[in-house]
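**Q** Submitted below is the structure of interest, expressed as C-alpha cells.
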Amino acid sequence: MDMRGLGALVTGGSRGLGAALGHALAEAGARVVLVARQRGPLDEVVEAIRRRGGEAHALVADVGVKEDAHRIAGAAAALVGDIALLVNNASTLGVAPLRPLMDTDCEAFEAALAVNVVGPLRLTKIVAGAMALHGRGLVVNISSDAAVSAYAEWGAYGASKAALDHLGRIWGAELEGTNVRIVTVDPGEMDTRMHADALPGADRATLLRPSLVAQRILSIVRAAGALPNGARVEASRFAEAAS
Amino acid sequence: MSPAVWPRREPLDERLLVVDAAAYAVRDAHVRDLPSLLREGDLLVVNDAATIPASLRASCPGGAQMEVRLLARGGDDRTWRAVLFDDRDWRTRTEDRLAPPHVDPGDRLIVGDDLDATVLALDPISPRLVTLRFAQDGAPLWSALYRHGRPVQYAHLAAPLDLWATQTPYGSRPWAVEEPSAGRPLCWRLLASVRARGVEVAFITHAAGLSATGDAVIDAALPLPERFDIPDATVAAVARAKARGARVVAAGTTVVRALEGCAAMNSGSLVAGEGTTDLRVGPSHRLRVADALFTGLHDPAASHFQLLQAFAPQELLERAYAHAEREGYLSHEFGDSSLIARG
C-alpha cells in the first residue's frame, strides 16, 4: 500500500502508539486524521505533525460512544477524502490499577468492551463498508499479548482484546473477495502511559519505544496485501519501514 | 399510501413493486428477490454519499431562534446554500411552518460557541433561501457540524432520528443533506447475492439535496443544481455494460440525476469527474445511460414521480401506485421499494 495522499484514520491519537503512528503515516505522505477524547494533547500532536510538514487533523470524540462513530467517519472523509487505512488503536484497561476479576466492577468490564471491541466494530462497519464498495482498504486492529496469554488481573483488557482478535478473523472471512483487508497487530510491550497505568513498577528501559513500533506497523501496512485476510501478526517480526 | 414511520428491522423482507414498462405489467415481490430480478451482466450503480446532519438550530442577531437546513455546499466547505425555517422542528409539517425571522446579508447566525455563519446573500426566488459562510473551517467546522447538526427529517416520522438511521450500508462521502434512501435496503448480504448473480456494482457520488421545504416557491424550484462525481471505473463499467447489451440499473433518483446530468452535459456520453447538474428528469427526458431504476415509493405529486415517467408511462405508474396502495405498501425513506424497467 502506497501511503502518499492516502486517507488514514487513527483512533487514540493523542498519546503513545497512536500519536507515533500519526507521525509515521504523515511522514510517509498520508493525510492523517487523529481521534482522541481530550482536545489539548491531541492538538499538540497535530501541531507537531504539521510543523514537520505533514498533514494531520484532530477530531475530539470517544470511540466508546455510538453517536460518535458517524461523526468520526463523516468528518474524516470530509477532511481527507476516502479513508483507505483505519487503525483501531484507542483502548482502555477498563480499570486501573489492575485487579482480579473478583474485584472488577462489571461496569468497568463493560467499559473495556465498549472502547476495545464495540467501538472498533462500529467504525469498521462504517469505514469498511465504503472500502468494500470502492474495492480497496486496510483495517488494522491494535491488540496485545494479553489477548493470548491469560495474565492474572488483566481480565477486562485481556478478554476485550481476545474478542477484538477474533472479530478480526471473522472480518477477514467476510471481507474475502472484496479487496479490503484486515490485520490484527500485537505491538509488543511499549513505554506508554497505558503501560505505566497497568504496571507502574516496570523497568522502562526494557520497553519498546512507540515510534519504533509505529515504523514496524508501517511495514505491516505495506505488506498487508501478502498476509492472509484477518491475520494476527506480532510487530516484532517486522522490520522498521525504511522512511 | 401510508408512510413508514420508523426504520424496520429486516430490509430483505420489505416489499418490492416491480414495474416492467416493456411488458406493461406490475407485480409484487420482496427486496430479497432483487438479485433474481436483475440479469446476469447488468450493472447496478449506487450513490456513495453519506448523510450529513444538516439541520441546525441557530439564533439571529435579535435573538430569535430558527432552524437552518443546509441544502447544498457552495464553492468550498465553508459556503452553503440553506433554507431557513421557523423556531419549531420536524414535528410540524413543513407546509404548516411559519416564515422564519427575517435576515439580511451580513447577519451572523449563531449555532453554538464553536459554530456560527454569516448570511452572504438572499436568493432572488425567496428570502428563506440563503447563502451562508461559516466562520470555521477544516476539522473545527466539520466537528461542530456533526456535533450540533441533526438529520433532516419530516413530520411523518415517529421520533427523532439518530445519524445511524440515515446512512446507507456503504455511504462514505459526506455530501448528502438527506439520505439517498433508495440504497438503504441494499445491505451487504443483498449486494453479495447481486454480485453472485453476475451483476457488477459501481458507484457515483451525488449530493442529494432537500426533497421538500413546504415553501411553494422554493419547492417549485427543487431540485436545485446538485454536485456529483463519477469515477473513471464507473464510466468504464457503464461502457462495458452498454457494449454487452446489458442494463444500467440506477439505485435511486440521485444516481439517475448524476448519470443523465453528466451525459446531458457531454453530448450524451459519460465523462469522469466532478460536475454540477441542473437537469430535471421528467416524462420528456430521453434516457441515455439508465435503463432501470431501483427506488423508494414516494408521493405521486412529487418531482420524484416526474422522474419515474422517464422510465415508464404515467398511466402504468399510476396503476402501479394504486396497486401498491391497495396492497398496503409503505412509502417514503423507510418504506418499500420499486424496480422500474423502461420499455
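Ligands are numbered from 1 in the order shown, residues from 1 within each chain, and chains are lettered A, B, ... in the order they appear in the C-alpha cells.
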With 10 Å as the limit and counting only C-alpha atoms, what residues in chain A lie close to chain B? Please list them as a PyMOL selection string.
**A** chain A and resi 33+56-61+66-83+125-135+178
**Q** Name all residues at most 10 Å from stretch 311-326 of chain B (count only C-alpha atoms; drop same-chain ones fewer than 4 positions away) and give them as a PyMOL selection string.
**A** chain B and resi 1-2+15-22+24-28+282-283+285-287+290-293+297-300+305-307+330-331+336+338+340-343
**Q** What would the file look like if the residues just selected were written as a CSV table (one decimal), in the first residue's frame with N, CA and C atoms?
**A**
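Output contents, as saved in result10.csv:
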```
chain,number,residue,atom,x,y,z
B,1,MET,N,-50.9,6.2,-0.1
B,1,MET,CA,-50.1,5.2,0.5
B,1,MET,C,-49.6,5.7,1.9
B,2,SER,N,-49.6,4.8,2.9
B,2,SER,CA,-49.2,5.3,4.2
B,2,SER,C,-47.6,5.3,4.3
B,15,ARG,N,-41.1,-4.9,0.9
B,15,ARG,CA,-41.7,-5.2,-0.4
B,15,ARG,C,-41.1,-4.5,-1.5
B,16,LEU,N,-41.2,-5.1,-2.7
B,16,LEU,CA,-40.7,-4.6,-3.9
B,16,LEU,C,-41.7,-4.6,-5.0
B,17,LEU,N,-42.1,-3.5,-5.5
B,17,LEU,CA,-43.1,-3.3,-6.5
B,17,LEU,C,-42.3,-3.3,-7.9
B,18,VAL,N,-42.6,-4.3,-8.7
B,18,VAL,CA,-41.9,-4.4,-10.0
B,18,VAL,C,-42.7,-3.9,-11.1
B,19,VAL,N,-42.2,-2.8,-11.8
B,19,VAL,CA,-42.9,-2.2,-12.9
B,19,VAL,C,-42.1,-2.4,-14.1
B,20,ASP,N,-42.7,-3.2,-15.0
B,20,ASP,CA,-42.0,-3.6,-16.3
B,20,ASP,C,-42.7,-2.8,-17.4
B,21,ALA,N,-42.0,-1.8,-17.9
B,21,ALA,CA,-42.7,-1.0,-19.0
B,21,ALA,C,-42.7,-1.7,-20.3
B,22,ALA,N,-41.8,-2.6,-20.5
B,22,ALA,CA,-41.8,-3.3,-21.8
B,22,ALA,C,-43.0,-4.3,-21.8
B,24,TYR,N,-45.5,-3.9,-19.9
B,24,TYR,CA,-46.7,-3.1,-19.4
B,24,TYR,C,-47.3,-3.9,-18.3
B,25,ALA,N,-46.5,-4.3,-17.3
B,25,ALA,CA,-47.0,-5.1,-16.2
B,25,ALA,C,-46.5,-4.7,-14.9
B,26,VAL,N,-47.3,-5.0,-13.8
B,26,VAL,CA,-46.9,-4.7,-12.5
B,26,VAL,C,-47.0,-6.0,-11.7
B,27,ARG,N,-46.0,-6.2,-10.8
B,27,ARG,CA,-46.2,-7.4,-9.9
B,27,ARG,C,-45.5,-7.2,-8.6
B,28,ASP,N,-45.8,-8.0,-7.6
B,28,ASP,CA,-45.3,-7.9,-6.3
B,28,ASP,C,-44.1,-8.8,-6.1
B,282,GLY,N,-37.8,14.3,-16.4
B,282,GLY,CA,-39.3,14.1,-16.4
B,282,GLY,C,-39.7,13.3,-17.6
B,283,PRO,N,-41.0,13.3,-17.9
B,283,PRO,CA,-41.6,12.4,-18.9
B,283,PRO,C,-40.9,12.6,-20.3
B,285,HIS,N,-37.9,13.4,-20.9
B,285,HIS,CA,-36.4,13.2,-20.9
B,285,HIS,C,-36.1,11.8,-21.6
B,286,ARG,N,-35.2,11.9,-22.6
B,286,ARG,CA,-34.7,10.6,-23.2
B,286,ARG,C,-33.5,10.1,-22.5
B,287,LEU,N,-33.7,8.9,-21.8
B,287,LEU,CA,-32.6,8.4,-21.0
B,287,LEU,C,-31.5,7.9,-21.9
B,290,ALA,N,-29.3,5.3,-18.0
B,290,ALA,CA,-30.0,4.4,-17.1
B,290,ALA,C,-31.1,3.7,-17.9
B,291,ASP,N,-31.2,2.4,-17.6
B,291,ASP,CA,-32.2,1.5,-18.2
B,291,ASP,C,-33.3,1.1,-17.2
B,292,ALA,N,-32.9,1.1,-15.9
B,292,ALA,CA,-33.9,0.7,-14.9
B,292,ALA,C,-33.6,1.5,-13.6
B,293,LEU,N,-34.5,1.5,-12.7
B,293,LEU,CA,-34.4,2.3,-11.5
B,293,LEU,C,-34.9,1.5,-10.3
B,297,LEU,N,-40.8,4.4,-2.8
B,297,LEU,CA,-42.1,4.8,-3.2
B,297,LEU,C,-42.4,6.2,-2.5
B,298,HIS,N,-42.7,7.2,-3.3
B,298,HIS,CA,-42.9,8.5,-2.8
B,298,HIS,C,-44.2,9.1,-3.2
B,299,ASP,N,-44.5,10.3,-2.8
B,299,ASP,CA,-45.8,10.9,-3.1
B,299,ASP,C,-45.9,11.1,-4.6
B,300,PRO,N,-47.0,10.6,-5.3
B,300,PRO,CA,-47.1,10.8,-6.7
B,300,PRO,C,-47.1,12.3,-7.2
B,305,PHE,N,-42.0,11.6,-8.9
B,305,PHE,CA,-42.9,10.9,-9.8
B,305,PHE,C,-42.7,11.3,-11.2
B,306,GLN,N,-42.3,12.6,-11.4
B,306,GLN,CA,-42.0,13.1,-12.7
B,306,GLN,C,-40.8,12.3,-13.3
B,307,LEU,N,-39.8,12.1,-12.4
B,307,LEU,CA,-38.6,11.4,-12.9
B,307,LEU,C,-38.9,10.0,-13.3
B,330,LEU,N,-45.7,0.6,1.9
B,330,LEU,CA,-45.4,1.8,2.7
B,330,LEU,C,-44.5,2.7,1.9
B,331,SER,N,-44.7,4.0,2.1
B,331,SER,CA,-43.9,5.0,1.3
B,331,SER,C,-42.8,5.7,2.1
B,336,ASP,N,-41.2,0.8,1.4
B,336,ASP,CA,-40.9,-0.2,0.5
B,336,ASP,C,-40.3,0.3,-0.8
B,338,SER,N,-39.3,-0.1,-5.2
B,338,SER,CA,-39.8,-0.4,-6.5
B,338,SER,C,-38.6,-0.6,-7.5
B,340,ILE,N,-38.2,-0.3,-11.5
B,340,ILE,CA,-38.9,0.2,-12.7
B,340,ILE,C,-38.0,0.1,-13.9
B,341,ALA,N,-38.4,-0.8,-14.8
B,341,ALA,CA,-37.5,-1.0,-16.0
B,341,ALA,C,-38.2,-0.4,-17.2
B,342,ARG,N,-37.4,0.3,-18.0
B,342,ARG,CA,-38.0,1.0,-19.1
B,342,ARG,C,-38.4,0.1,-20.3
B,343,GLY,N,-39.2,0.6,-21.1
B,343,GLY,CA,-39.7,-0.2,-22.3
B,343,GLY,C,-38.6,-0.3,-23.4
```
**Q** Rounded to one decimal in Å, what is the spacing between atom CA of B:Ile110 and atom CA of B:Thr166?
**A**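 Calculated distance between atom CA of B:Ile110 and atom CA of B:Thr166 is 25.4 Å.
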**Q** Taking 5 positions as the minimum chain separation for residues in the same chain, which residues sit within 8 Å of B:Val103 when counting only C-alpha atoms? Answer as a list in words.
**A**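 So the residues in contact are Cys60, Val119 and Pro127 of chain B.
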**Q** Might you pull out every residue within 6 Å of A:Glu153, with only C-alpha atoms counted and same-chain residues fewer than 3 positions away left off, and present them as a list in words?
**A**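 Result of the neighbour search: Leu98, Arg99 and Pro100 of chain A.
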**Q** Quick one: everything within 6 Å of B:Leu157, counting only C-alpha atoms, minus sequence neighbours fewer than 2 positions away in the same chain. Send it as a list in words.
**A**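 Using only C-alpha atoms, the neighbours found are Val5, Ala155 and Ala159 of chain B.
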**Q** Could you save the residues just selected, with C-alpha atoms, as an mmCIF file, in the first residue's frame?
**A**
```cif
data_model
loop_
_atom_site.group_PDB
_atom_site.id
_atom_site.type_symbol
_atom_site.label_atom_id
_atom_site.label_comp_id
_atom_site.auth_asym_id
_atom_site.auth_seq_id
_atom_site.Cartn_x
_atom_site.Cartn_y
_atom_site.Cartn_z
ATOM 1 C CA VAL B 5 -42.904 5.985 10.274
ATOM 2 C CA ALA B 155 -43.435 15.084 10.161
ATOM 3 C CA ALA B 159 -39.442 10.141 16.723
#
```
**Q** Find the residue from A:Ala111, A:Pro210, A:Ser236, A:Arg204 that sits nearest to A:Ala24; use only C-alpha atoms when measuring.
**A**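 For A:Ala24, the nearest of the candidates is A:Pro210.
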**Q** Just the residues within 12 Å of stretch 215-220 of chain A, please, counting only C-alpha atoms, with nothing from its chain fewer than 6 positions along; format it as an MDAnalysis selection string.
**A** chainID A and resid 1:3 8 17:18 20:30 85 87 89 138:142 181:188 208:209 226:227 231:243
**Q** Have a look at atom CA of B:Gly252 and atom CA of B:Ala207 and let me know their distance in Å, one decimal.
**A**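 Here the two named atoms are 12.4 Å from each other.
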**Q** Where in stretch 175-234 of chain A does DSSP assign strand (DSSP E), given as a ChimeraX atom specification?
**A** /A:180-186,231-234
**Q** Would you write out those residues with N, CA and C atoms, as a PDB file, in the first residue's frame?
**A**
```
ATOM      1  N   VAL A 180     -10.669  -5.656   0.444  1.00  0.00           N
ATOM      2  CA  VAL A 180     -10.474  -4.952   1.719  1.00  0.00           C
ATOM      3  C   VAL A 180      -9.830  -5.955   2.664  1.00  0.00           C
ATOM      4  N   ARG A 181      -8.784  -5.519   3.362  1.00  0.00           N
ATOM      5  CA  ARG A 181      -8.077  -6.443   4.245  1.00  0.00           C
ATOM      6  C   ARG A 181      -8.137  -5.948   5.675  1.00  0.00           C
ATOM      7  N   ILE A 182      -8.020  -6.901   6.569  1.00  0.00           N
ATOM      8  CA  ILE A 182      -7.959  -6.560   7.990  1.00  0.00           C
ATOM      9  C   ILE A 182      -6.804  -7.333   8.601  1.00  0.00           C
ATOM     10  N   VAL A 183      -6.057  -6.681   9.453  1.00  0.00           N
ATOM     11  CA  VAL A 183      -4.939  -7.340  10.116  1.00  0.00           C
ATOM     12  C   VAL A 183      -4.927  -6.904  11.584  1.00  0.00           C
ATOM     13  N   THR A 184      -4.671  -7.861  12.461  1.00  0.00           N
ATOM     14  CA  THR A 184      -4.577  -7.578  13.884  1.00  0.00           C
ATOM     15  C   THR A 184      -3.105  -7.598  14.269  1.00  0.00           C
ATOM     16  N   VAL A 185      -2.674  -6.571  14.976  1.00  0.00           N
ATOM     17  CA  VAL A 185      -1.254  -6.436  15.305  1.00  0.00           C
ATOM     18  C   VAL A 185      -1.061  -6.477  16.817  1.00  0.00           C
ATOM     19  N   ASP A 186      -0.177  -7.350  17.257  1.00  0.00           N
ATOM     20  CA  ASP A 186       0.293  -7.322  18.640  1.00  0.00           C
ATOM     21  C   ASP A 186       1.552  -6.462  18.647  1.00  0.00           C
ATOM     22  N   ALA A 231      -5.422 -11.904   9.392  1.00  0.00           N
ATOM     23  CA  ALA A 231      -4.237 -12.435  10.092  1.00  0.00           C
ATOM     24  C   ALA A 231      -3.947 -11.650  11.368  1.00  0.00           C
ATOM     25  N   ARG A 232      -3.378 -12.358  12.344  1.00  0.00           N
ATOM     26  CA  ARG A 232      -2.875 -11.701  13.546  1.00  0.00           C
ATOM     27  C   ARG A 232      -1.360 -11.808  13.513  1.00  0.00           C
ATOM     28  N   VAL A 233      -0.687 -10.667  13.606  1.00  0.00           N
ATOM     29  CA  VAL A 233       0.773 -10.688  13.492  1.00  0.00           C
ATOM     30  C   VAL A 233       1.406  -9.968  14.681  1.00  0.00           C
ATOM     31  N   GLU A 234       2.647 -10.364  14.976  1.00  0.00           N
ATOM     32  CA  GLU A 234       3.406  -9.674  16.013  1.00  0.00           C
ATOM     33  C   GLU A 234       4.322  -8.665  15.340  1.00  0.00           C
TER      34      GLU A 234
END
```
**Q** Based on DSSP run over this structure's backbone, return all residues of stretch 26-215 of chain A in alpha helix (DSSP H), as number ranges by chain.
**A** A: 26-27, 39-51, 66-80, 106-113, 119-134, 155-174, 193-198, 210-215
**Q** Could you tell me which of A:Gly158, A:Gly137, A:Gly177, A:Gly40 comes closest to A:Ala224 if we count only C-alpha atoms?
**A**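 Smallest distance to A:Ala224 is found for A:Gly137.
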**Q** Could you work out how far atom CA of B:Arg133 lies from atom CA of B:Leu120, giving the answer in Å with one decimal?
**A**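 Interatomic distance, atom CA of B:Leu120 to atom CA of B:Arg133: 6.6 Å.
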